[in-house]
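Peer 1: Got a file for you: work29.cif, mmCIF, C-alpha atoms.
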data_run
loop_
_atom_site.label_atom_id
_atom_site.label_comp_id
_atom_site.auth_asym_id
_atom_site.auth_seq_id
_atom_site.Cartn_x
_atom_site.Cartn_y
_atom_site.Cartn_z
CA GLN C 1 -4.61 -57.40 -14.65
CA GLN C 2 -2.59 -60.11 -12.97
CA PRO C 3 1.11 -59.21 -13.13
CA VAL C 4 3.40 -61.59 -14.95
CA GLN C 5 6.36 -62.96 -13.06
CA SER C 6 9.46 -64.34 -14.75
CA PRO C 7 11.06 -66.75 -14.65
CA GLN C 8 8.50 -69.27 -13.39
CA ALA C 9 11.24 -71.24 -11.68
CA VAL C 10 14.96 -70.97 -11.09
CA ILE C 11 17.54 -73.29 -9.57
CA LEU C 12 20.71 -71.91 -8.06
CA ARG C 13 23.74 -73.12 -6.23
CA GLU C 14 24.46 -71.48 -2.89
CA GLY C 15 26.26 -68.18 -3.43
CA GLU C 16 24.84 -67.50 -6.91
CA ASP C 17 22.69 -64.50 -7.81
CA ALA C 18 19.18 -64.35 -9.26
CA VAL C 19 16.75 -61.77 -10.59
CA ILE C 20 12.97 -62.15 -10.49
CA ASN C 21 10.82 -59.81 -12.54
CA CYS C 22 7.24 -58.66 -12.05
CA SER C 23 5.67 -56.97 -15.07
CA SER C 24 2.34 -55.24 -15.43
CA SER C 25 0.31 -54.27 -18.49
CA LYS C 26 -0.90 -51.21 -16.57
CA ALA C 27 0.86 -48.48 -14.65
CA LEU C 28 2.14 -49.58 -11.27
CA TYR C 29 1.78 -47.50 -8.13
CA SER C 30 3.26 -49.88 -5.64
CA VAL C 31 4.67 -53.40 -5.61
CA HIS C 32 4.83 -55.69 -2.60
CA TRP C 33 7.20 -58.67 -2.50
CA TYR C 34 6.57 -61.80 -0.41
CA ARG C 35 8.32 -65.15 0.02
CA GLN C 36 6.46 -68.36 0.82
CA LYS C 37 8.01 -71.63 1.87
CA HIS C 38 6.09 -74.80 1.05
CA GLY C 39 2.98 -75.18 3.20
CA GLU C 40 3.70 -72.01 5.15
CA ALA C 41 2.41 -68.45 5.25
CA PRO C 42 3.84 -65.87 2.85
CA VAL C 43 6.30 -63.55 4.57
CA PHE C 44 6.60 -59.87 3.69
CA LEU C 45 9.92 -58.78 2.19
CA MET C 46 9.50 -55.19 1.02
CA ILE C 47 7.32 -52.58 -0.66
CA LEU C 48 8.37 -50.52 -3.66
CA LEU C 49 6.54 -47.27 -4.27
CA LYS C 50 6.25 -45.30 -7.49
CA GLY C 51 8.98 -42.71 -7.42
CA GLY C 52 10.55 -44.37 -4.40
CA GLU C 53 14.05 -45.59 -3.83
CA GLN C 54 15.41 -49.05 -4.32
CA LYS C 55 14.73 -51.05 -1.18
CA GLY C 56 16.86 -53.68 0.52
CA HIS C 57 16.34 -56.55 2.92
CA GLU C 58 19.48 -58.46 3.97
CA LYS C 59 21.06 -59.45 0.64
CA ILE C 60 17.76 -59.07 -1.18
CA SER C 61 17.00 -55.80 -2.92
CA ALA C 62 14.42 -54.59 -5.39
CA SER C 63 13.85 -51.87 -7.92
CA PHE C 64 10.85 -50.19 -9.48
CA ASN C 65 10.98 -49.18 -13.13
CA GLU C 66 8.03 -46.89 -13.78
CA LYS C 67 8.67 -46.64 -17.51
CA LYS C 68 8.80 -50.40 -18.01
CA GLN C 69 5.91 -50.96 -15.56
CA GLN C 70 8.09 -53.52 -13.86
CA SER C 71 9.68 -54.35 -10.54
CA SER C 72 12.70 -56.61 -10.15
CA LEU C 73 13.85 -58.53 -7.09
CA TYR C 74 17.60 -59.12 -6.78
CA LEU C 75 18.94 -61.96 -4.65
CA THR C 76 22.70 -61.83 -4.26
CA ALA C 77 24.98 -64.49 -2.83
CA SER C 78 21.96 -66.73 -2.33
CA GLN C 79 21.63 -68.82 0.81
CA LEU C 80 19.78 -72.11 1.33
CA SER C 81 17.20 -70.18 3.35
CA TYR C 82 16.24 -68.18 0.26
CA SER C 83 14.47 -71.20 -1.23
CA GLY C 84 10.74 -70.72 -1.65
CA THR C 85 8.21 -69.15 -3.95
CA TYR C 86 8.38 -65.39 -4.44
CA PHE C 87 5.22 -63.44 -5.15
CA CYS C 88 4.75 -59.86 -6.22
CA GLY C 89 1.53 -58.05 -5.33
CA THR C 90 0.66 -54.97 -7.34
CA ASP C 91 -1.46 -51.92 -6.73
CA LEU C 92 -2.59 -50.44 -10.03
CA THR C 93 -4.66 -47.56 -8.72
CA GLN C 94 -3.41 -44.00 -8.61
CA GLY C 95 -3.78 -42.82 -5.04
CA GLY C 96 -3.89 -46.42 -3.93
CA SER C 97 -6.57 -49.05 -3.60
CA GLU C 98 -7.72 -51.43 -0.92
CA LYS C 99 -6.34 -54.54 -2.53
CA LEU C 100 -3.37 -56.13 -4.23
CA VAL C 101 -3.28 -58.33 -7.33
CA PHE C 102 -0.67 -61.07 -7.00
CA GLY C 103 1.38 -62.77 -9.68
CA LYS C 104 1.56 -66.55 -10.00
CA GLY C 105 4.91 -66.72 -8.27
CA THR C 106 8.51 -67.69 -9.02
CA LYS C 107 9.82 -70.84 -7.42
CA LEU C 108 13.43 -70.47 -6.30
CA THR C 109 15.48 -73.48 -5.28
CA VAL C 110 18.92 -73.00 -3.78
CA ASN C 111 21.07 -76.10 -3.63
CA PRO C 112 24.28 -76.62 -1.62
CA ASP O 113 3.39 -62.57 20.45
CA GLY O 114 1.03 -60.85 18.07
CA GLY O 115 -0.10 -62.63 14.98
CA ILE O 116 -2.83 -64.23 12.94
CA THR O 117 -4.33 -67.57 13.89
CA GLN O 118 -6.18 -69.68 11.37
CA SER O 119 -8.06 -72.82 12.29
CA PRO O 120 -8.38 -75.60 11.58
CA LYS O 121 -5.16 -76.43 9.77
CA TYR O 122 -6.91 -79.14 7.73
CA LEU O 123 -10.62 -79.34 6.91
CA PHE O 124 -12.71 -81.80 4.96
CA ARG O 125 -16.04 -80.96 3.38
CA LYS O 126 -18.80 -83.30 2.35
CA GLU O 127 -21.01 -82.67 -0.66
CA GLY O 128 -23.66 -80.04 0.02
CA GLN O 129 -22.07 -78.95 3.26
CA ASN O 130 -21.10 -75.46 4.34
CA VAL O 131 -17.85 -75.12 6.28
CA THR O 132 -16.40 -72.16 8.15
CA LEU O 133 -12.73 -71.25 8.37
CA SER O 134 -11.65 -69.21 11.35
CA CYS O 135 -9.26 -66.24 11.27
CA GLU O 136 -8.34 -64.29 14.40
CA GLN O 137 -5.72 -61.55 14.75
CA ASN O 138 -4.35 -59.75 17.80
CA LEU O 139 -2.35 -57.17 15.88
CA ASN O 140 -5.05 -54.51 16.22
CA HIS O 141 -5.16 -54.27 12.42
CA ASP O 142 -8.11 -52.64 10.69
CA ALA O 143 -7.91 -54.47 7.37
CA MET O 144 -8.36 -58.21 6.88
CA TYR O 145 -8.28 -60.35 3.74
CA TRP O 146 -9.07 -63.87 2.55
CA TYR O 147 -7.09 -65.43 -0.29
CA ARG O 148 -7.39 -68.71 -2.10
CA GLN O 149 -4.22 -70.40 -3.33
CA ASP O 150 -4.21 -73.14 -5.96
CA PRO O 151 -1.02 -74.75 -7.29
CA GLY O 152 0.65 -72.47 -9.80
CA GLN O 153 -2.02 -69.78 -9.50
CA GLY O 154 -0.68 -67.37 -6.92
CA LEU O 155 -2.96 -65.71 -4.40
CA ARG O 156 -6.48 -64.76 -5.45
CA LEU O 157 -8.57 -62.41 -3.32
CA ILE O 158 -11.91 -63.73 -2.09
CA TYR O 159 -13.15 -61.01 0.29
CA TYR O 160 -11.66 -58.14 2.24
CA SER O 161 -12.74 -55.86 5.05
CA GLN O 162 -11.44 -52.45 6.02
CA ILE O 163 -13.62 -51.93 9.07
CA VAL O 164 -15.97 -53.79 11.38
CA ASN O 165 -19.39 -54.60 9.86
CA ASP O 166 -18.20 -53.80 6.35
CA PHE O 167 -16.60 -56.00 3.70
CA GLN O 168 -16.18 -56.13 -0.08
CA LYS O 169 -16.03 -58.87 -2.67
CA GLY O 170 -12.67 -59.69 -4.16
CA ASP O 171 -11.99 -61.32 -7.52
CA ILE O 172 -13.45 -64.77 -6.76
CA ALA O 173 -16.22 -64.22 -4.16
CA GLU O 174 -18.83 -66.57 -5.68
CA GLY O 175 -19.61 -69.47 -3.36
CA TYR O 176 -18.08 -67.77 -0.31
CA SER O 177 -19.41 -65.56 2.47
CA VAL O 178 -17.79 -63.62 5.32
CA SER O 179 -18.67 -61.58 8.37
CA ARG O 180 -16.77 -58.95 10.35
CA GLU O 181 -18.57 -58.51 13.65
CA LYS O 182 -15.38 -57.92 15.63
CA LYS O 183 -12.17 -56.17 14.65
CA GLU O 184 -10.07 -59.22 15.46
CA SER O 185 -12.18 -61.84 13.67
CA PHE O 186 -12.95 -62.44 9.99
CA PRO O 187 -14.43 -65.94 9.42
CA LEU O 188 -14.89 -67.32 5.91
CA THR O 189 -17.73 -69.70 5.03
CA VAL O 190 -17.30 -71.94 2.02
CA THR O 191 -20.83 -72.70 0.89
CA SER O 192 -22.18 -75.64 -1.08
CA ALA O 193 -22.39 -73.26 -4.05
CA GLN O 194 -18.60 -73.36 -4.34
CA LYS O 195 -18.22 -76.39 -6.59
CA ASN O 196 -14.43 -76.60 -6.48
CA PRO O 197 -13.45 -75.68 -2.92
CA THR O 198 -10.28 -77.78 -2.66
CA ALA O 199 -7.49 -75.26 -2.06
CA PHE O 200 -5.19 -73.65 0.48
CA TYR O 201 -6.90 -70.68 2.15
CA LEU O 202 -4.90 -67.82 3.61
CA CYS O 203 -6.08 -65.04 5.87
CA ALA O 204 -4.12 -61.79 6.11
CA SER O 205 -4.32 -58.48 7.89
CA SER O 206 -2.74 -55.06 7.60
CA VAL O 207 -2.74 -51.85 9.58
CA GLY O 208 -4.82 -50.10 6.97
CA GLN O 209 -5.64 -50.05 3.31
CA VAL O 210 -3.00 -50.77 0.67
CA TYR O 211 -2.73 -47.10 -0.15
CA SER O 212 -1.29 -46.60 3.26
CA ASN O 213 1.39 -48.96 1.90
CA GLN O 214 1.43 -51.25 4.84
CA PRO O 215 2.52 -54.89 4.50
CA GLN O 216 0.08 -57.73 4.83
CA HIS O 217 0.67 -60.29 7.58
CA PHE O 218 -0.50 -63.82 6.82
CA GLY O 219 -1.78 -66.70 8.91
CA ASP O 220 -0.50 -70.27 8.44
CA GLY O 221 -3.45 -71.24 6.27
CA THR O 222 -6.20 -73.84 6.17
CA ARG O 223 -6.08 -76.67 3.65
CA LEU O 224 -9.61 -77.62 2.57
CA SER O 225 -10.37 -80.88 0.79
CA ILE O 226 -13.49 -82.61 -0.47
CA LEU O 227 -14.50 -86.00 0.98
#
Written as structure tokens, how would this file's structure read?
Peer 2:
Amino acid sequence: QQPVQSPQAVILREGEDAVINCSSSKALYSVHWYRQKHGEAPVFLMILLKGGEQKGHEKISASFNEKKQQSSLYLTASQLSYSGTYFCGTDLTQGGSEKLVFGKGTKLTVNP
Amino acid sequence: DGGITQSPKYLFRKEGQNVTLSCEQNLNHDAMYWYRQDPGQGLRLIYYSQIVNDFQKGDIAEGYSVSREKKESFPLTVTSAQKNPTAFYLCASSVGQVYSNQPQHFGDGTRLSIL
């Protein structure tokens, strides 16, 4: 039931764009996105709900495609501070559940 | 400032020894979680608690135990039954259950190694 994130890693130059996908084999009801810098705590970015609108956080936005059972995170005009590992956490239970299942993460490196 | 405090930052365990990782939060959150993180594996749920004196097993509970005697505290014990305890352990909390769609707030983690 673990969601699959792609790509596993991506390297960008400052100012470039990236897309990170989070795919599930089961229907998604909500998707949480977090960013973790090496050796630090994951930091919450946003939550996407089934039937909800596309969310945004600074120059980072995300979408929820119910039909494809997938959420995508869009990073535009990337900054050095965007470097880190991005995790999606999924809730697969209609009506919600008490826990999230996290993907293995996508490592993003932004170079000057 | 409100937040989650995990201690110690680094911990070493000897063979056959139980060790306890501390997690304290002053966010007045009801729900608390323990995750294990191994390189390239993401976050895997060990135990979670929605209310004082109640907790549930996550996906990898074997070899671990928890207690929730106070709302602000959720300590994790890594027992000698956990044969591969070396990992980064993260504690998190949220206002309520996931179906209230509240974000999880994480502590800075404890890195556990075997001597």
Peer 1: Pull out every residue that the PyMOL selection byres ((chain O and resi 201) around 8) matches in the shown coordinates and put them as an mmCIF file with C-alpha atoms, in the frame of the given file.
Peer 2:
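The new file part_34.cif reads:
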data_model
loop_
_atom_site.group_PDB
_atom_site.id
_atom_site.type_symbol
_atom_site.label_atom_id
_atom_site.label_comp_id
_atom_site.auth_asym_id
_atom_site.auth_seq_id
_atom_site.Cartn_x
_atom_site.Cartn_y
_atom_site.Cartn_z
ATOM 1 C CA TRP O 146 -9.070 -63.870 2.550
ATOM 2 C CA TYR O 147 -7.090 -65.430 -0.290
ATOM 3 C CA ARG O 148 -7.390 -68.710 -2.100
ATOM 4 C CA GLN O 149 -4.220 -70.400 -3.330
ATOM 5 C CA ALA O 199 -7.490 -75.260 -2.060
ATOM 6 C CA PHE O 200 -5.190 -73.650 0.480
ATOM 7 C CA LEU O 202 -4.900 -67.820 3.610
ATOM 8 C CA CYS O 203 -6.080 -65.040 5.870
ATOM 9 C CA GLY O 221 -3.450 -71.240 6.270
ATOM 10 C CA THR O 222 -6.200 -73.840 6.170
ATOM 11 C CA ARG O 223 -6.080 -76.670 3.650
ATOM 12 C CA LEU O 224 -9.610 -77.620 2.570
#
Peer 1: Please, what distance in Å, to one decimal, runs between atom CA of Thr117 of chain O and atom CA of Asn138 of chain O?
Peer 2: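 Answer for the atom CA of Thr117 of chain O to atom CA of Asn138 of chain O separation: 8.7 Å.
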Peer 1: Compute the set of chain O residues within 10 Å of chain C, using all atoms listed in the file, and express it as a compact mmCIF listing (two decimals) with C-alpha atoms, in the coordinates of the input.
Peer 2:
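Contents of the output file out-v2.txt:
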# COMPACT_ATOMS: atom_id res chain seq x y z
CA ALA O 143 -7.91 -54.47 7.37
CA TYR O 145 -8.28 -60.35 3.74
CA GLN O 149 -4.22 -70.40 -3.33
CA ASP O 150 -4.21 -73.14 -5.96
CA PRO O 151 -1.02 -74.75 -7.29
CA GLY O 152 0.65 -72.47 -9.80
CA GLN O 153 -2.02 -69.78 -9.50
CA GLY O 154 -0.68 -67.37 -6.92
CA LEU O 155 -2.96 -65.71 -4.40
CA ARG O 156 -6.48 -64.76 -5.45
CA LEU O 157 -8.57 -62.41 -3.32
CA TYR O 159 -13.15 -61.01 0.29
CA TYR O 160 -11.66 -58.14 2.24
CA SER O 161 -12.74 -55.86 5.05
CA GLN O 162 -11.44 -52.45 6.02
CA GLN O 168 -16.18 -56.13 -0.08
CA GLY O 170 -12.67 -59.69 -4.16
CA ASP O 171 -11.99 -61.32 -7.52
CA PHE O 200 -5.19 -73.65 0.48
CA LEU O 202 -4.90 -67.82 3.61
CA CYS O 203 -6.08 -65.04 5.87
CA ALA O 204 -4.12 -61.79 6.11
CA GLY O 208 -4.82 -50.10 6.97
CA GLN O 209 -5.64 -50.05 3.31
CA VAL O 210 -3.00 -50.77 0.67
CA TYR O 211 -2.73 -47.10 -0.15
CA SER O 212 -1.29 -46.60 3.26
CA ASN O 213 1.39 -48.96 1.90
CA GLN O 214 1.43 -51.25 4.84
CA PRO O 215 2.52 -54.89 4.50
CA GLN O 216 0.08 -57.73 4.83
CA HIS O 217 0.67 -60.29 7.58
CA PHE O 218 -0.50 -63.82 6.82
CA GLY O 219 -1.78 -66.70 8.91
CA ASP O 220 -0.50 -70.27 8.44
CA GLY O 221 -3.45 -71.24 6.27
CA THR O 222 -6.20 -73.84 6.17
CA ARG O 223 -6.08 -76.67 3.65
Peer 1: Show which residues sit within 9 Å of Leu188 of chain O, as a list of chain:residue names. Count only C-alpha atoms, and ignore same-chain residues fewer than 3 positions away.
Peer 2: O:Val131, O:Thr132, O:Leu133, O:Ser134, O:Cys135, O:Trp146, O:Tyr159, O:Tyr176, O:Ser177, O:Val178, O:Ser179
Peer 1: What does the file look like for those residues with C-alpha atoms, as a PDB file, in the coordinates of the input?
Peer 2:
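Saved to part-v8.pdb:
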ATOM      1  CA  VAL O 131     -17.850 -75.120   6.280  1.00  0.00           C
ATOM      2  CA  THR O 132     -16.400 -72.160   8.150  1.00  0.00           C
ATOM      3  CA  LEU O 133     -12.730 -71.250   8.370  1.00  0.00           C
ATOM      4  CA  SER O 134     -11.650 -69.210  11.350  1.00  0.00           C
ATOM      5  CA  CYS O 135      -9.260 -66.240  11.270  1.00  0.00           C
ATOM      6  CA  TRP O 146      -9.070 -63.870   2.550  1.00  0.00           C
ATOM      7  CA  TYR O 159     -13.150 -61.010   0.290  1.00  0.00           C
ATOM      8  CA  TYR O 176     -18.080 -67.770  -0.310  1.00  0.00           C
ATOM      9  CA  SER O 177     -19.410 -65.560   2.470  1.00  0.00           C
ATOM     10  CA  VAL O 178     -17.790 -63.620   5.320  1.00  0.00           C
ATOM     11  CA  SER O 179     -18.670 -61.580   8.370  1.00  0.00           C
TER      12      SER O 179
END
Peer 1: Suppose you want the space between atom CA of Leu108 of chain C and atom CA of Ala9 of chain C; what is it in Å?
Peer 2: 5.9 Å
Peer 1: Would you kindly place all heavy atoms on segment 132-143 of chain O and return the model as a short mmCIF file (atom, residue, chain, number, x, y, z; two decimals), keeping the file's coordinate frame?
Peer 2:
data_model
loop_
_atom_site.label_atom_id
_atom_site.label_comp_id
_atom_site.auth_asym_id
_atom_site.auth_seq_id
_atom_site.Cartn_x
_atom_site.Cartn_y
_atom_site.Cartn_z
N THR O 132 -16.90 -73.48 7.78
CA THR O 132 -16.40 -72.16 8.15
C THR O 132 -14.96 -72.24 8.60
O THR O 132 -14.60 -73.07 9.44
CB THR O 132 -17.26 -71.54 9.27
OG1 THR O 132 -18.60 -71.37 8.78
CG2 THR O 132 -16.71 -70.17 9.68
N LEU O 133 -14.14 -71.36 8.02
CA LEU O 133 -12.73 -71.25 8.37
C LEU O 133 -12.56 -70.04 9.29
O LEU O 133 -13.07 -68.96 9.01
CB LEU O 133 -11.88 -71.06 7.10
CG LEU O 133 -11.63 -72.26 6.21
CD1 LEU O 133 -12.92 -72.85 5.64
CD2 LEU O 133 -10.70 -71.85 5.06
N SER O 134 -11.82 -70.27 10.36
CA SER O 134 -11.65 -69.21 11.35
C SER O 134 -10.37 -68.42 11.11
O SER O 134 -9.35 -68.98 10.69
CB SER O 134 -11.60 -69.83 12.75
OG SER O 134 -11.24 -68.88 13.73
N CYS O 135 -10.43 -67.11 11.34
CA CYS O 135 -9.26 -66.24 11.27
C CYS O 135 -9.36 -65.21 12.39
O CYS O 135 -10.32 -64.44 12.45
CB CYS O 135 -9.18 -65.54 9.93
SG CYS O 135 -7.77 -64.39 9.82
N GLU O 136 -8.38 -65.22 13.27
CA GLU O 136 -8.34 -64.29 14.40
C GLU O 136 -6.98 -63.58 14.41
O GLU O 136 -5.96 -64.22 14.21
CB GLU O 136 -8.51 -65.03 15.72
CG GLU O 136 -9.77 -65.85 15.84
CD GLU O 136 -10.97 -65.03 16.27
OE1 GLU O 136 -10.76 -64.01 16.96
OE2 GLU O 136 -12.10 -65.41 15.93
N GLN O 137 -6.98 -62.27 14.66
CA GLN O 137 -5.72 -61.55 14.75
C GLN O 137 -5.69 -60.68 16.02
O GLN O 137 -6.72 -60.14 16.42
CB GLN O 137 -5.49 -60.68 13.49
CG GLN O 137 -6.61 -59.71 13.14
CD GLN O 137 -6.38 -58.27 13.57
OE1 GLN O 137 -5.38 -57.95 14.20
NE2 GLN O 137 -7.32 -57.40 13.21
N ASN O 138 -4.51 -60.59 16.61
CA ASN O 138 -4.35 -59.75 17.80
C ASN O 138 -3.33 -58.65 17.55
O ASN O 138 -2.61 -58.22 18.46
CB ASN O 138 -3.96 -60.60 19.02
CG ASN O 138 -2.66 -61.35 18.82
OD1 ASN O 138 -2.00 -61.19 17.79
ND2 ASN O 138 -2.28 -62.16 19.78
N LEU O 139 -3.28 -58.22 16.29
CA LEU O 139 -2.35 -57.17 15.88
C LEU O 139 -2.99 -55.78 15.90
O LEU O 139 -2.35 -54.79 15.59
CB LEU O 139 -1.83 -57.48 14.46
CG LEU O 139 -1.06 -58.79 14.33
CD1 LEU O 139 -0.88 -59.16 12.85
CD2 LEU O 139 0.28 -58.68 15.02
N ASN O 140 -4.28 -55.75 16.23
CA ASN O 140 -5.05 -54.51 16.22
C ASN O 140 -5.10 -53.88 14.83
O ASN O 140 -5.14 -52.66 14.67
CB ASN O 140 -4.50 -53.49 17.23
CG ASN O 140 -5.52 -52.41 17.57
OD1 ASN O 140 -6.73 -52.67 17.58
ND2 ASN O 140 -5.05 -51.21 17.84
N HIS O 141 -5.10 -54.75 13.80
CA HIS O 141 -5.16 -54.27 12.42
C HIS O 141 -6.59 -54.00 12.01
O HIS O 141 -7.52 -54.72 12.39
CB HIS O 141 -4.55 -55.32 11.47
CG HIS O 141 -3.06 -55.36 11.53
ND1 HIS O 141 -2.32 -56.31 10.86
CD2 HIS O 141 -2.16 -54.56 12.16
CE1 HIS O 141 -1.04 -56.09 11.07
NE2 HIS O 141 -0.92 -55.04 11.87
N ASP O 142 -6.78 -52.96 11.18
CA ASP O 142 -8.11 -52.64 10.69
C ASP O 142 -8.52 -53.52 9.51
O ASP O 142 -9.67 -53.91 9.39
CB ASP O 142 -8.17 -51.17 10.25
CG ASP O 142 -8.18 -50.24 11.45
OD1 ASP O 142 -8.92 -50.50 12.41
OD2 ASP O 142 -7.44 -49.24 11.42
N ALA O 143 -7.59 -53.78 8.61
CA ALA O 143 -7.91 -54.47 7.37
C ALA O 143 -7.63 -55.97 7.47
O ALA O 143 -6.62 -56.39 8.05
CB ALA O 143 -7.10 -53.88 6.21
#
